[in-house]
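Trainee: Contents of data_30.cif (mmCIF, C-alpha atoms) are given next:
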```cif
data_data
loop_
_atom_site.label_atom_id
_atom_site.label_comp_id
_atom_site.auth_asym_id
_atom_site.auth_seq_id
_atom_site.Cartn_x
_atom_site.Cartn_y
_atom_site.Cartn_z
CA MET A 25 65.83 129.16 118.19
CA PRO A 26 68.54 127.15 120.00
CA SER A 27 71.86 127.36 118.23
CA ASN A 28 72.26 123.54 118.34
CA PHE A 29 69.08 123.13 116.35
CA VAL A 30 70.31 125.63 113.78
CA PHE A 31 73.59 123.77 113.54
CA LYS A 32 71.90 120.35 113.10
CA GLY A 33 69.62 121.84 110.48
CA PHE A 34 72.58 123.37 108.69
CA SER A 35 74.57 120.15 108.72
CA LYS A 36 71.56 118.21 107.40
CA VAL A 37 71.29 120.68 104.54
CA ILE A 38 74.97 120.21 103.83
CA VAL A 39 74.64 116.40 103.82
CA VAL A 40 71.60 116.56 101.56
CA LEU A 41 73.45 118.96 99.26
CA ILE A 42 76.50 116.70 99.07
CA ILE A 43 74.29 113.77 98.05
CA ALA A 44 71.91 115.69 95.87
CA LEU A 45 74.23 118.05 93.98
CA PRO A 46 75.95 115.48 91.80
CA ILE A 47 72.60 113.78 91.10
CA LEU A 48 70.90 117.06 90.25
CA ASN A 49 73.89 118.07 88.21
CA SER A 50 73.89 114.84 86.23
CA CYS A 51 70.12 115.03 85.73
CA GLY A 52 70.43 118.61 84.56
CA SER A 53 73.22 117.90 82.18
CA ARG A 54 71.44 114.83 80.86
CA SER A 55 68.35 116.88 80.35
CA ASN A 56 70.39 119.51 78.52
CA LYS A 57 72.07 116.82 76.48
CA GLU A 58 68.71 115.32 75.62
CA GLN A 59 67.43 118.71 74.56
CA SER A 60 70.51 119.29 72.43
CA ALA A 61 70.30 115.77 71.08
CA GLU A 62 66.64 116.24 70.18
CA SER A 63 67.40 119.41 68.30
CA LYS A 64 70.19 117.65 66.42
CA GLU A 65 68.80 114.18 65.86
CA ASN A 66 66.91 115.15 62.76
CA PHE A 67 70.10 115.66 60.84
CA LEU A 68 72.91 114.04 62.83
CA PRO A 69 71.83 110.69 64.26
CA ASP A 70 75.06 108.79 63.65
CA THR A 71 77.41 111.03 65.57
CA LEU A 72 75.98 110.04 68.94
CA SER A 73 77.42 106.55 68.69
CA MET A 74 80.87 108.12 68.65
CA LEU A 75 80.42 109.66 72.10
CA VAL A 76 81.73 106.69 74.04
CA LYS A 77 84.72 107.13 76.36
CA PHE A 78 87.17 104.48 77.41
CA GLU A 79 87.78 104.29 81.13
CA ASN A 80 91.18 105.71 82.10
CA SER A 81 92.34 105.82 78.47
CA LEU A 82 94.20 108.70 76.86
CA PHE A 83 94.56 109.42 73.19
CA PRO A 84 97.85 111.01 72.23
CA LEU A 85 98.21 112.51 68.76
CA PRO A 86 101.41 112.28 66.75
CA SER A 87 103.21 115.62 66.51
CA PRO A 88 101.84 117.76 63.66
CA TYR A 89 105.44 118.88 63.10
CA GLN A 90 106.35 115.43 61.81
CA ALA A 91 104.63 116.43 58.56
CA SER A 92 107.32 119.12 58.15
CA THR A 93 110.05 116.56 58.78
CA LEU A 94 108.63 114.38 55.98
CA ILE A 95 108.29 117.37 53.62
CA ARG A 96 111.88 118.41 54.33
CA LYS A 97 113.06 114.92 53.36
CA LYS A 98 111.27 115.24 50.01
CA ASN A 99 112.89 118.52 48.90
CA ILE A 100 109.53 119.93 47.91
CA GLN A 101 109.46 123.58 46.88
CA TYR A 102 108.17 126.16 49.36
CA ASP A 103 104.62 127.35 48.68
CA GLU A 104 103.56 130.40 50.68
CA SER A 105 99.91 129.98 49.68
CA ILE A 106 99.69 126.73 51.68
CA ILE A 107 99.99 128.28 55.13
CA SER A 108 97.31 130.31 56.86
CA SER A 109 97.58 134.05 56.39
CA LEU A 110 98.24 136.24 59.42
CA ASN A 111 95.79 138.83 58.14
CA ASN A 112 92.80 137.18 59.77
CA TYR A 113 94.07 136.75 63.28
CA GLN A 114 92.73 140.03 64.65
CA HIS A 115 89.21 138.94 63.71
CA PHE A 116 89.32 135.81 65.87
CA SER A 117 87.00 136.99 68.61
CA THR A 118 86.27 133.79 70.57
CA ALA A 119 88.61 131.65 72.67
CA PHE A 120 87.44 128.73 70.50
CA LYS A 121 88.83 130.30 67.31
CA LYS A 122 91.93 131.70 68.97
CA ALA A 123 92.89 128.26 70.34
CA LEU A 124 92.30 126.47 67.03
CA ASN A 125 94.31 129.06 65.13
CA LEU A 126 97.09 128.92 67.71
CA GLY A 127 97.42 125.25 66.73
CA ILE A 128 97.29 126.13 63.03
CA TYR A 129 99.99 128.80 63.28
CA GLY A 130 102.25 126.43 65.25
CA THR A 131 102.13 123.92 62.38
CA ASP A 132 102.66 126.73 59.86
CA LEU A 133 105.70 127.84 61.81
CA SER A 134 107.15 124.34 61.60
CA TYR A 135 106.54 124.46 57.82
CA LEU A 136 108.29 127.87 57.52
CA ASN A 137 111.12 126.56 59.64
CA ILE A 138 112.12 123.87 57.12
CA TYR A 139 112.53 126.53 54.41
CA ASP A 140 114.57 128.97 56.53
CA ARG A 141 111.92 131.67 56.23
CA THR A 142 113.22 133.70 59.14
CA PRO A 143 111.30 137.00 58.67
CA GLU A 144 108.00 135.14 58.19
CA SER A 145 108.80 132.87 61.16
CA ILE A 146 109.26 135.91 63.39
CA SER A 147 105.89 137.32 62.27
CA TYR A 148 104.18 133.99 63.01
CA LEU A 149 105.91 133.79 66.39
CA SER A 150 104.67 137.25 67.23
CA VAL A 151 101.06 136.29 66.39
CA ILE A 152 101.39 133.04 68.35
CA LYS A 153 102.54 135.10 71.34
CA ASN A 154 99.66 137.53 70.87
CA LEU A 155 97.04 134.76 70.69
CA SER A 156 98.52 133.01 73.72
CA ASP A 157 98.36 136.32 75.64
CA GLN A 158 94.71 136.66 74.71
CA LEU A 159 94.03 133.09 75.86
CA GLY A 160 95.80 133.71 79.17
CA ILE A 161 98.51 131.13 78.53
CA SER A 162 101.39 133.49 77.83
CA ALA A 163 103.42 132.01 80.70
CA SER A 164 104.49 129.29 78.26
CA PHE A 165 105.76 131.93 75.83
CA ASP A 166 107.89 133.90 78.26
CA GLU A 167 111.06 135.91 77.57
CA SER A 168 113.25 132.79 77.69
CA PHE A 169 111.21 131.33 74.84
CA PHE A 170 111.97 134.27 72.55
CA SER A 171 115.62 134.48 73.52
CA SER A 172 115.99 130.71 72.86
CA VAL A 173 114.34 131.12 69.46
CA GLU A 174 116.57 134.09 68.65
CA LYS A 175 119.71 132.13 69.54
CA ASN A 176 118.65 129.13 67.46
CA ILE A 177 116.93 130.83 64.55
CA ASN A 178 119.22 129.11 62.02
CA ASN A 179 118.99 125.69 63.61
CA LYS A 180 115.87 124.01 62.22
CA ASP A 181 115.77 121.15 64.71
CA SER A 182 116.36 123.40 67.71
CA ILE A 183 113.42 125.59 66.72
CA LEU A 184 111.20 122.50 66.52
CA VAL A 185 112.44 121.35 69.93
CA ILE A 186 111.71 124.78 71.48
CA LEU A 187 108.32 125.08 69.79
CA SER A 188 107.25 121.54 70.76
CA LYS A 189 108.39 122.06 74.34
CA THR A 190 106.43 125.30 74.54
CA TYR A 191 103.27 123.67 73.19
CA ARG A 192 103.86 120.82 75.67
CA ASN A 193 104.08 123.30 78.55
CA THR A 194 100.91 124.97 77.32
CA ASP A 195 99.14 121.61 77.13
CA SER A 196 100.24 120.78 80.67
CA TYR A 197 99.26 124.22 82.01
CA LEU A 198 95.79 123.94 80.48
CA ARG A 199 95.27 120.41 81.86
CA VAL A 200 96.28 121.40 85.38
CA ASN A 201 94.09 124.50 85.26
CA ASP A 202 91.10 122.51 84.06
CA ARG A 203 91.05 124.20 80.66
CA LYS A 204 91.52 121.00 78.69
CA ASN A 205 88.98 122.18 76.13
CA ILE A 206 91.38 124.95 75.05
CA GLY A 207 94.27 122.47 74.95
CA SER A 208 92.23 120.07 72.81
CA LEU A 209 91.45 122.88 70.34
CA ILE A 210 95.14 123.79 70.00
CA LEU A 211 95.83 120.12 69.24
CA ALA A 212 92.95 120.00 66.76
CA GLY A 213 94.17 123.12 64.93
CA GLY A 214 97.68 121.68 64.65
CA TRP A 215 96.41 118.37 63.30
CA VAL A 216 93.97 119.97 60.82
CA GLU A 217 96.73 122.19 59.42
CA SER A 218 99.22 119.34 59.08
CA LEU A 219 96.68 117.22 57.19
CA TYR A 220 95.73 120.21 55.02
CA ILE A 221 99.40 120.84 54.11
CA LEU A 222 99.94 117.15 53.36
CA THR A 223 96.87 116.96 51.10
CA LYS A 224 97.95 120.09 49.20
CA ILE A 225 101.42 118.65 48.64
CA GLY A 226 100.15 115.09 48.06
CA ARG A 227 97.79 116.17 45.30
CA GLY A 228 100.37 118.50 43.78
CA THR A 229 103.23 115.99 43.69
CA ASN A 230 101.48 112.61 43.71
CA ASP A 231 104.26 111.47 46.04
CA ARG A 232 103.32 108.02 47.34
CA GLU A 233 104.95 108.48 50.75
CA ILE A 234 103.05 111.72 51.35
CA ILE A 235 99.77 110.13 50.20
CA ASN A 236 100.40 107.15 52.49
CA ARG A 237 101.00 109.54 55.38
CA ILE A 238 97.61 111.09 54.65
CA GLY A 239 96.00 107.62 54.70
CA GLU A 240 97.72 106.90 58.00
CA GLN A 241 95.76 109.71 59.66
CA LYS A 242 92.78 107.42 60.24
CA HIS A 243 93.77 106.46 63.80
CA PRO A 244 95.07 109.92 64.79
CA LEU A 245 91.74 111.32 63.60
CA ASP A 246 89.86 108.78 65.73
CA ASN A 247 92.00 109.89 68.68
CA LEU A 248 91.31 113.54 67.99
CA ILE A 249 87.57 112.85 67.96
CA GLU A 250 87.94 111.03 71.29
CA ILE A 251 89.78 114.04 72.74
CA LEU A 252 87.12 116.51 71.56
CA THR A 253 83.88 114.61 72.20
CA PRO A 254 83.62 115.50 75.93
CA TYR A 255 83.02 119.07 74.73
CA TYR A 256 80.45 118.18 72.07
CA TYR A 257 77.63 120.00 73.87
CA LYS A 258 79.79 122.82 75.20
CA SER A 259 78.89 125.04 72.25
CA GLN A 260 77.55 124.96 68.73
CA GLU A 261 81.09 125.71 67.50
CA PHE A 262 82.38 122.55 69.20
CA SER A 263 79.60 120.35 67.82
CA THR A 264 80.08 121.73 64.29
CA LEU A 265 83.83 121.06 64.45
CA ILE A 266 83.36 117.53 65.81
CA ASP A 267 80.63 116.73 63.27
CA GLY A 268 82.98 117.86 60.49
CA LEU A 269 85.74 115.60 61.83
CA ILE A 270 83.37 112.64 62.19
CA ASP A 271 82.23 113.17 58.61
CA LEU A 272 85.89 113.18 57.58
CA ALA A 273 86.48 109.97 59.56
CA TYR A 274 83.85 108.21 57.41
CA GLU A 275 86.00 108.98 54.36
CA PHE A 276 88.99 107.36 56.06
CA ASP A 277 86.94 104.17 56.40
CA GLY A 278 87.48 103.82 52.65
CA VAL A 279 91.26 103.73 53.06
CA ILE A 280 92.53 100.15 52.95
CA TYR A 281 94.85 99.34 55.82
CA SER A 282 96.60 96.00 56.33
CA TYR A 283 98.91 94.93 59.13
CA SER A 284 101.13 91.94 59.83
CA TYR A 285 102.94 91.32 63.09
CA LYS A 286 106.62 90.44 63.06
CA GLU A 287 108.84 89.66 66.02
CA PRO A 288 110.63 92.82 67.20
CA LYS A 289 114.39 92.83 67.76
CA ILE A 290 115.85 94.41 70.84
CA ASP A 291 119.20 96.08 71.44
CA VAL A 292 119.46 96.09 75.22
CA ASP A 293 122.76 97.97 75.43
CA ASN A 294 121.37 100.95 73.51
CA LYS A 295 117.88 100.63 74.94
CA ILE A 296 116.29 100.48 71.52
CA ILE A 297 113.75 98.11 70.05
CA TYR A 298 113.27 97.61 66.31
CA ILE A 299 109.61 97.09 65.48
CA HIS A 300 109.52 95.21 62.20
CA SER A 301 105.76 94.66 62.01
CA GLU A 302 104.50 95.89 58.66
CA SER A 303 101.52 97.97 57.72
CA ARG A 304 100.28 99.00 54.29
CA VAL A 305 97.94 101.78 53.33
CA VAL A 306 96.08 101.99 50.04
CA MET A 307 94.39 105.31 49.39
CA SER A 308 92.52 105.74 46.15
CA GLU A 309 92.53 108.90 44.06
CA TYR A 310 88.85 109.31 44.97
CA HIS A 311 89.52 109.18 48.72
CA LEU A 312 92.49 111.52 48.43
CA GLU A 313 90.32 114.03 46.61
CA THR A 314 87.43 113.70 49.09
CA VAL A 315 89.66 113.93 52.16
CA SER A 316 91.41 116.98 50.64
CA ARG A 317 88.10 118.70 49.99
CA LYS A 318 86.71 117.97 53.44
CA ILE A 319 89.82 118.98 55.38
CA GLU A 320 89.96 122.21 53.39
CA ALA A 321 86.33 122.94 54.31
CA ILE A 322 87.04 122.31 58.01
CA ARG A 323 90.14 124.51 57.85
CA ASN A 324 88.28 127.29 56.05
CA GLN A 325 85.72 127.33 58.87
CA ILE A 326 88.54 127.66 61.40
CA ILE A 327 90.55 130.39 59.69
CA GLY A 328 87.54 132.30 58.31
CA MET B 11 79.23 127.57 116.61
CA LYS B 12 81.06 129.68 114.05
CA THR B 13 84.04 127.32 114.23
CA LYS B 14 81.85 124.28 113.59
CA LYS B 15 80.29 125.96 110.58
CA THR B 16 83.72 126.87 109.28
CA ILE B 17 84.93 123.29 109.69
CA ILE B 18 81.89 121.94 107.85
CA TYR B 19 82.25 124.54 105.14
CA LEU B 20 85.93 123.68 104.67
CA ALA B 21 85.12 119.96 104.65
CA LEU B 22 82.46 120.57 102.03
CA ILE B 23 84.81 122.61 99.86
CA THR B 24 87.47 119.93 100.20
CA ALA B 25 85.00 117.17 99.32
CA LEU B 26 83.64 119.03 96.31
CA SER B 27 87.01 120.13 95.04
CA PHE B 28 88.60 116.70 95.26
CA THR B 29 89.39 115.66 91.72
CA ALA B 30 91.92 113.50 89.93
CA ILE B 31 93.71 116.55 88.54
CA PRO B 32 97.22 116.85 89.96
CA THR B 33 98.33 120.13 91.45
CA TYR B 34 100.87 122.25 89.59
CA SER B 35 103.62 121.21 92.01
CA GLN B 36 102.81 117.52 91.44
CA VAL B 37 103.02 118.09 87.69
CA GLU B 38 106.31 119.94 88.10
CA GLN B 39 107.61 117.05 90.16
CA LEU B 40 106.56 114.59 87.44
CA GLN B 41 108.03 116.83 84.71
CA ASN B 42 111.35 116.97 86.54
CA ILE B 43 111.49 113.19 86.90
CA CYS B 44 110.46 112.51 83.28
CA SER B 45 112.70 115.21 81.79
CA LEU B 46 115.76 113.40 83.11
CA TYR B 47 115.14 110.73 80.48
CA PHE B 48 113.84 112.92 77.65
CA SER B 49 117.04 113.93 75.90
CA PRO B 50 117.10 117.02 73.63
CA GLU B 51 117.56 115.08 70.39
CA PHE B 52 113.91 114.06 70.71
CA ILE B 53 111.12 116.44 69.74
CA SER B 54 108.08 116.26 71.98
CA ASP B 55 104.70 115.60 70.39
CA GLY B 56 103.56 118.75 72.21
CA GLN B 57 101.48 116.93 74.80
CA GLU B 58 101.95 115.85 78.40
CA TYR B 59 99.90 112.90 79.49
CA PHE B 60 99.28 112.47 83.17
CA ALA B 61 96.68 110.28 84.75
CA SER B 62 95.74 109.28 88.26
CA LEU B 63 96.39 105.75 89.36
CA LYS B 64 93.36 103.82 90.51
CA PRO B 65 93.42 100.50 92.39
CA ASP B 66 93.87 97.53 90.04
CA GLN B 67 93.50 99.71 86.99
CA LYS B 68 96.01 100.38 84.25
CA VAL B 69 96.28 103.67 82.42
CA GLU B 70 96.06 103.11 78.69
CA PHE B 71 97.38 105.30 75.87
CA ARG B 72 96.56 104.65 72.21
CA THR B 73 98.72 106.39 69.68
CA THR B 74 100.19 106.11 66.19
CA PHE B 75 103.90 105.87 65.45
CA TYR B 76 105.01 106.66 61.91
CA GLY B 77 107.21 104.31 59.89
CA GLU B 78 110.93 104.99 59.52
CA ASN B 79 110.89 107.09 62.66
CA THR B 80 112.55 106.63 66.02
CA TYR B 81 110.57 107.52 69.13
CA ARG B 82 111.36 107.73 72.80
CA ILE B 83 108.74 106.79 75.36
CA VAL B 84 109.33 107.99 78.91
CA ALA B 85 107.08 106.89 81.75
CA CYS B 86 107.41 108.10 85.31
CA THR B 87 105.48 108.32 88.54
CA ASN B 88 105.59 110.43 91.70
CA LEU B 89 105.21 107.33 93.86
CA LYS B 90 108.30 106.55 95.86
CA LYS B 91 107.46 102.89 96.38
CA GLY B 92 106.69 100.45 93.59
CA ASP B 93 107.98 99.83 90.08
CA LEU B 94 106.41 101.55 87.13
CA VAL B 95 105.66 99.13 84.31
CA PHE B 96 105.00 100.27 80.77
CA THR B 97 104.00 97.75 78.16
CA VAL B 98 103.52 98.34 74.45
CA PHE B 99 101.14 96.26 72.34
CA ASP B 100 99.97 96.52 68.76
CA THR B 101 96.23 96.75 68.14
CA GLU B 102 96.07 92.96 67.77
CA LYS B 103 97.37 92.78 71.35
CA ASN B 104 100.73 91.30 70.31
CA LEU B 105 103.27 92.24 72.95
CA LEU B 106 105.97 94.47 71.47
CA PHE B 107 107.80 95.58 74.60
CA SER B 108 107.61 95.61 78.38
CA ASN B 109 110.10 97.42 80.56
CA ALA B 110 109.41 94.80 83.24
CA SER B 111 111.85 92.58 81.33
CA TYR B 112 114.50 95.31 81.42
CA ASN B 113 114.81 96.34 85.04
CA PHE B 114 111.79 98.68 84.84
CA SER B 115 113.72 101.20 82.77
CA GLN B 116 111.89 104.57 82.73
CA TYR B 117 112.49 105.03 79.02
CA TRP B 118 113.07 103.07 75.86
CA ASP B 119 113.57 103.97 72.18
CA PHE B 120 111.44 102.48 69.42
CA LYS B 121 112.41 102.36 65.76
CA PHE B 122 109.41 101.60 63.54
CA THR B 123 109.71 100.12 60.05
CA SER B 124 106.05 100.85 59.25
CA THR B 125 103.38 103.11 60.68
CA ILE B 126 101.68 101.31 63.56
CA THR B 127 99.04 102.22 66.10
CA CYS B 128 100.02 100.98 69.53
CA ILE B 129 98.52 100.64 72.95
CA ILE B 130 100.78 101.66 75.82
CA GLN B 131 99.69 100.41 79.23
CA VAL B 132 101.13 101.96 82.36
CA ASP B 133 100.83 100.40 85.77
CA VAL B 134 102.64 100.46 89.11
CA LYS B 135 103.64 97.20 90.71
CA SER B 136 103.33 97.71 94.41
CA ILE B 137 102.31 95.56 97.38
CA LYS B 138 99.58 97.93 98.46
CA PHE B 139 97.80 100.61 96.49
CA THR B 140 98.94 104.20 97.06
CA PRO B 141 97.29 107.10 95.25
CA GLY B 142 99.54 108.86 92.80
CA PHE B 143 100.02 109.98 89.24
CA VAL B 144 101.81 108.69 86.18
CA MET B 145 103.18 110.76 83.35
CA LEU B 146 104.05 109.68 79.84
CA LEU B 147 106.13 111.64 77.35
CA ILE B 148 106.56 110.74 73.69
CA GLY B 149 109.15 112.30 71.41
CA TYR B 150 110.46 111.60 67.92
CA LYS B 151 113.93 111.99 66.47
CA PRO B 152 113.88 114.29 63.42
#
```
Take the structure in this file and express it as structure tokens.

Mentor:
Amino acid sequence: MPSNFVFKGFSKVIVVLIIALPILNSCGSRSNKEQSAESKENFLPDTLSMLVKFENSLFPLPSPYQASTLIRKKNIQYDESIISSLNNYQHFSTAFKKALNLGIYGTDLSYLNIYDRTPESISYLSVIKNLSDQLGISASFDESFFSSVEKNINNKDSILVILSKTYRNTDSYLRVNDRKNIGSLILAGGWVESLYILTKIGRGTNDREIINRIGEQKHPLDNLIEILTPYYYKSQEFSTLIDGLIDLAYEFDGVIYSYSYKEPKIDVDNKIIYIHSESRVVMSEYHLETVSRKIEAIRNQIIG
Amino acid sequence: MKTKKTIIYLALITALSFTAIPTYSQVEQLQNICSLYFSPEFISDGQEYFASLKPDQKVEFRTTFYGENTYRIVACTNLKKGDLVFTVFDTEKNLLFSNASYNFSQYWDFKFTSTITCIIQVDVKSIKFTPGFVMLLIGYKP
């Protein structure tokens, strides 16, 4: 067979492959999605409407460590039973669970940090390092991280800065290396734990500011669902987590939220703008109780 | 013959591997630019948002800022030509801030009285479209 003929044949195959692969791929994935959807539609029809993506939109979450900043302001007593125990971490066998619990332990560390719990903080740091090693993201937790923490162990804000920067580096590393699913789980774990801690404290103290902060999680929760939904069909674990969060989001629909725009004031010299628009959240006892129960159930699934 | 096959193979790999994910060096470049404006008194929200620029399309970020908190928003790009514009709206599309009115400053601080969900739009004003990336960093003051 003449070599030119072979070459032409080969290039035709290549061209056909270039055109056909994405089509076949999309058909295959749609077919898989349809199969998965069929198996789920008997009990979860409403969740599918949530799987809509905005074009070129991103959904940042507020830092879960801001919950600790609010708690610190309130002078609330330390409660060691609130945070997730380190005893379970060796049983986390999947990357899914490891990533979620990496997020959870990060938020717990920020909680320990406000109470100067140095020995416990070191134990949590060690587990965070261990989980990040297992997930192949230990580059973010290198030697400089531990020496920085050691130097600043008594400076609460510095620890938060170092921790946040490290989680930011991890997030960036995972995005660049096309492992956004792991990054999204770390975010999810951090958010779940911060809401869990707030609900525990909110119900225990009845502090209005804490309860309002819980009510204000409606939009961050919507964002979290947006971040996770691309992975809905990646595994049963993902779909169970997302379904739990969507179910929780329905409870937040009962939180009354009002907003009124006011003209902002700008200080050009200091490059600061004062946003005076006002929002108000009204969260009933019933919704606080329901949200607390549901977030606890989601958390128990993660740490169990 | 072998060379032609190799060229086609490389072209195929290049075509299939072309995505909107920046390389690590591009991200490092963006991090270095953005970090210049992200002073240490601000605590990062733990995320780095980068997105590819597409012709005539803005990148949009939707996030919640808590009341009685001060935040810093830093926006930067790896494009050498063109001004990066970031504009902040509330969810009713009331304009809260645009850096276009302030010499395209790469950062600005925001002090919120109440908790508000905002939409941050990022765009590059340039005569002709050039592919590139934008990065946004958000931090709060504890």

Trainee: Per residue of chain B within 6 Å of chain A, what are the shortest atom pair and its distance in Å to one decimal, counting all atoms listed in the file, with rows by chain and residue number, as a Markdown table?

Mentor:
```
| residue | atom | partner | partner_atom | distance |
| --- | --- | --- | --- | --- |
| B:Ile53 | CA | A:Val185 | CA | 5.1 |
| B:Ser54 | CA | A:Ser188 | CA | 5.5 |
| B:Asp55 | CA | A:Ser87 | CA | 4.2 |
| B:Gly56 | CA | A:Arg192 | CA | 4.0 |
| B:Gln57 | CA | A:Arg192 | CA | 4.6 |
| B:Glu58 | CA | A:Ser196 | CA | 5.7 |
| B:Val69 | CA | A:Asn80 | CA | 5.5 |
| B:Glu70 | CA | A:Ser81 | CA | 4.6 |
| B:Phe71 | CA | A:Leu82 | CA | 4.8 |
| B:Arg72 | CA | A:Phe83 | CA | 5.3 |
| B:Thr73 | CA | A:Pro84 | CA | 5.3 |
| B:Trp118 | CA | A:Lys295 | CA | 5.5 |
| B:Asp119 | CA | A:Ile296 | CA | 4.5 |
| B:Phe120 | CA | A:Ile297 | CA | 5.0 |
| B:Lys121 | CA | A:Tyr298 | CA | 4.9 |
| B:Phe122 | CA | A:Ile299 | CA | 4.9 |
| B:Thr123 | CA | A:His300 | CA | 5.4 |
| B:Ser124 | CA | A:Glu302 | CA | 5.2 |
```

Trainee: CA of Ser136 (chain B) to CA of Ile148 (chain B): how many Å, to one decimal?

Mentor: 24.7 Å

Trainee: May I have the residues within 7 Å of Thr127 (chain B) as number ranges by chain, using all atoms listed in the file and disregarding those fewer than 3 positions away in the same chain?

Mentor: B: 73-75, 100-101

Trainee: Using only C-alpha atoms, pick whichever of B:Asn88, B:Thr97, B:Thr80, B:Ser49 has the shortest atom-to-atom distance to Phe143 (chain B).

Mentor: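 Result for the nearest residue to Phe143 (chain B): B:Asn88.
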
Trainee: Around region 65-83 of chain B, fit a box with edges along x, y and z, padding it by 8 Å on each side, then list its centre and edge lengths in Å to one decimal as lines of an AutoDock Vina configuration file.

Mentor:
```
center_x = 103.0
center_y = 102.6
center_z = 76.0
size_x = 35.1
size_y = 26.2
size_z = 48.9
```

Trainee: Excluding Ala91 (chain A) and any residue of its chain fewer than 4 positions from it, enumerate the residues within 9 Å of it, using only C-alpha atoms, and give them as a PyMOL selection string.

Mentor: chain A and resi 87+95-96+131+134-135+218-219+221-222+234+237

Trainee: Those residues you just picked out, can you put them in a file as a CSV table (one decimal), in the frame of the given file with C-alpha atoms?

Mentor:
```
chain,number,residue,atom,x,y,z
A,87,SER,CA,103.2,115.6,66.5
A,95,ILE,CA,108.3,117.4,53.6
A,96,ARG,CA,111.9,118.4,54.3
A,131,THR,CA,102.1,123.9,62.4
A,134,SER,CA,107.2,124.3,61.6
A,135,TYR,CA,106.5,124.5,57.8
A,218,SER,CA,99.2,119.3,59.1
A,219,LEU,CA,96.7,117.2,57.2
A,221,ILE,CA,99.4,120.8,54.1
A,222,LEU,CA,99.9,117.2,53.4
A,234,ILE,CA,103.0,111.7,51.4
A,237,ARG,CA,101.0,109.5,55.4
```

Trainee: What is the distance between CA of Asn178 (chain A) and CA of Gly149 (chain B), in Å to one decimal?

Mentor: 21.7 Å

Trainee: Point out the residue among A:Ala119, A:Ile100, A:Ile235, A:Ile107 with the least atom-to-atom distance to Ser259 (chain A), counting only C-alpha atoms.

Mentor: A:Ala119

Trainee: Could you list, as number ranges by chain, every residue matched by the PyMOL selection byres ((chain B and resi 132) around 9) in this structure?

Mentor: B: 68-71, 85, 94-97, 130-131, 133-134, 144, 146

Trainee: Suppose we keep C-alpha atoms; can you now write the selection as an mmCIF file, in the frame of the given file?

Mentor:
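Output file part26.cif follows:
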```cif
data_model
loop_
_atom_site.group_PDB
_atom_site.id
_atom_site.type_symbol
_atom_site.label_atom_id
_atom_site.label_comp_id
_atom_site.auth_asym_id
_atom_site.auth_seq_id
_atom_site.Cartn_x
_atom_site.Cartn_y
_atom_site.Cartn_z
ATOM 1 C CA LYS B 68 96.010 100.380 84.250
ATOM 2 C CA VAL B 69 96.280 103.670 82.420
ATOM 3 C CA GLU B 70 96.060 103.110 78.690
ATOM 4 C CA PHE B 71 97.380 105.300 75.870
ATOM 5 C CA ALA B 85 107.080 106.890 81.750
ATOM 6 C CA LEU B 94 106.410 101.550 87.130
ATOM 7 C CA VAL B 95 105.660 99.130 84.310
ATOM 8 C CA PHE B 96 105.000 100.270 80.770
ATOM 9 C CA THR B 97 104.000 97.750 78.160
ATOM 10 C CA ILE B 130 100.780 101.660 75.820
ATOM 11 C CA GLN B 131 99.690 100.410 79.230
ATOM 12 C CA ASP B 133 100.830 100.400 85.770
ATOM 13 C CA VAL B 134 102.640 100.460 89.110
ATOM 14 C CA VAL B 144 101.810 108.690 86.180
ATOM 15 C CA LEU B 146 104.050 109.680 79.840
#
```

Trainee: How many Å lie between CA of Tyr76 (chain B) and CA of Cys128 (chain B), rounded to one decimal?

Mentor: 10.7 Å

Trainee: Can you pull out the residues contacting Pro32 (chain B)? Cut-off 10 Å, using all atoms listed in the file, and skip same-chain residues under 3 positions away; I want them as number ranges by chain.

Mentor: A: 199-201; B: 29, 35-38, 40, 60-62, 142-143

Trainee: Which residues, written as a list in words, have at least one atom at most 12 Å from Ile322 (chain A), with only C-alpha atoms counted and residues fewer than 6 positions away on the same chain left out?

Mentor: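 The residues that qualify are Leu124, Ala212, Gly213, Trp215, Val216, Glu217, Leu219, Tyr220, Glu261, Thr264, Leu265, Ile266, Asp267, Gly268, Leu269, Ile270, Asp271, Leu272, Val315, Ser316 and Gly328 of chain A.
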
Trainee: From the options B:Asn79, B:Asn104, B:Thr125, B:Gln41, which residue's atoms come nearest to Tyr59 (chain B), counting all atoms listed in the file?

Mentor: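 Smallest separation from Tyr59 (chain B) among the options: B:Gln41.
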
Trainee: Quick one: everything within 12 Å of region 174-177 of chain A, counting all atoms listed in the file, minus sequence neighbours fewer than 4 positions away in the same chain. Send it as a compact mmCIF listing (two decimals) with C-alpha atoms, in the coordinates of the input.

Mentor:
```
# COMPACT_ATOMS: atom_id res chain seq x y z
CA LEU A 133 105.70 127.84 61.81
CA LEU A 136 108.29 127.87 57.52
CA ASN A 137 111.12 126.56 59.64
CA ILE A 138 112.12 123.87 57.12
CA TYR A 139 112.53 126.53 54.41
CA ASP A 140 114.57 128.97 56.53
CA ARG A 141 111.92 131.67 56.23
CA THR A 142 113.22 133.70 59.14
CA PRO A 143 111.30 137.00 58.67
CA GLU A 144 108.00 135.14 58.19
CA SER A 145 108.80 132.87 61.16
CA ILE A 146 109.26 135.91 63.39
CA LEU A 149 105.91 133.79 66.39
CA GLU A 167 111.06 135.91 77.57
CA SER A 168 113.25 132.79 77.69
CA PHE A 169 111.21 131.33 74.84
CA PHE A 170 111.97 134.27 72.55
CA ASP A 181 115.77 121.15 64.71
CA SER A 182 116.36 123.40 67.71
CA ILE A 183 113.42 125.59 66.72
CA LEU A 184 111.20 122.50 66.52
CA VAL A 185 112.44 121.35 69.93
CA ILE A 186 111.71 124.78 71.48
CA LEU A 187 108.32 125.08 69.79
```
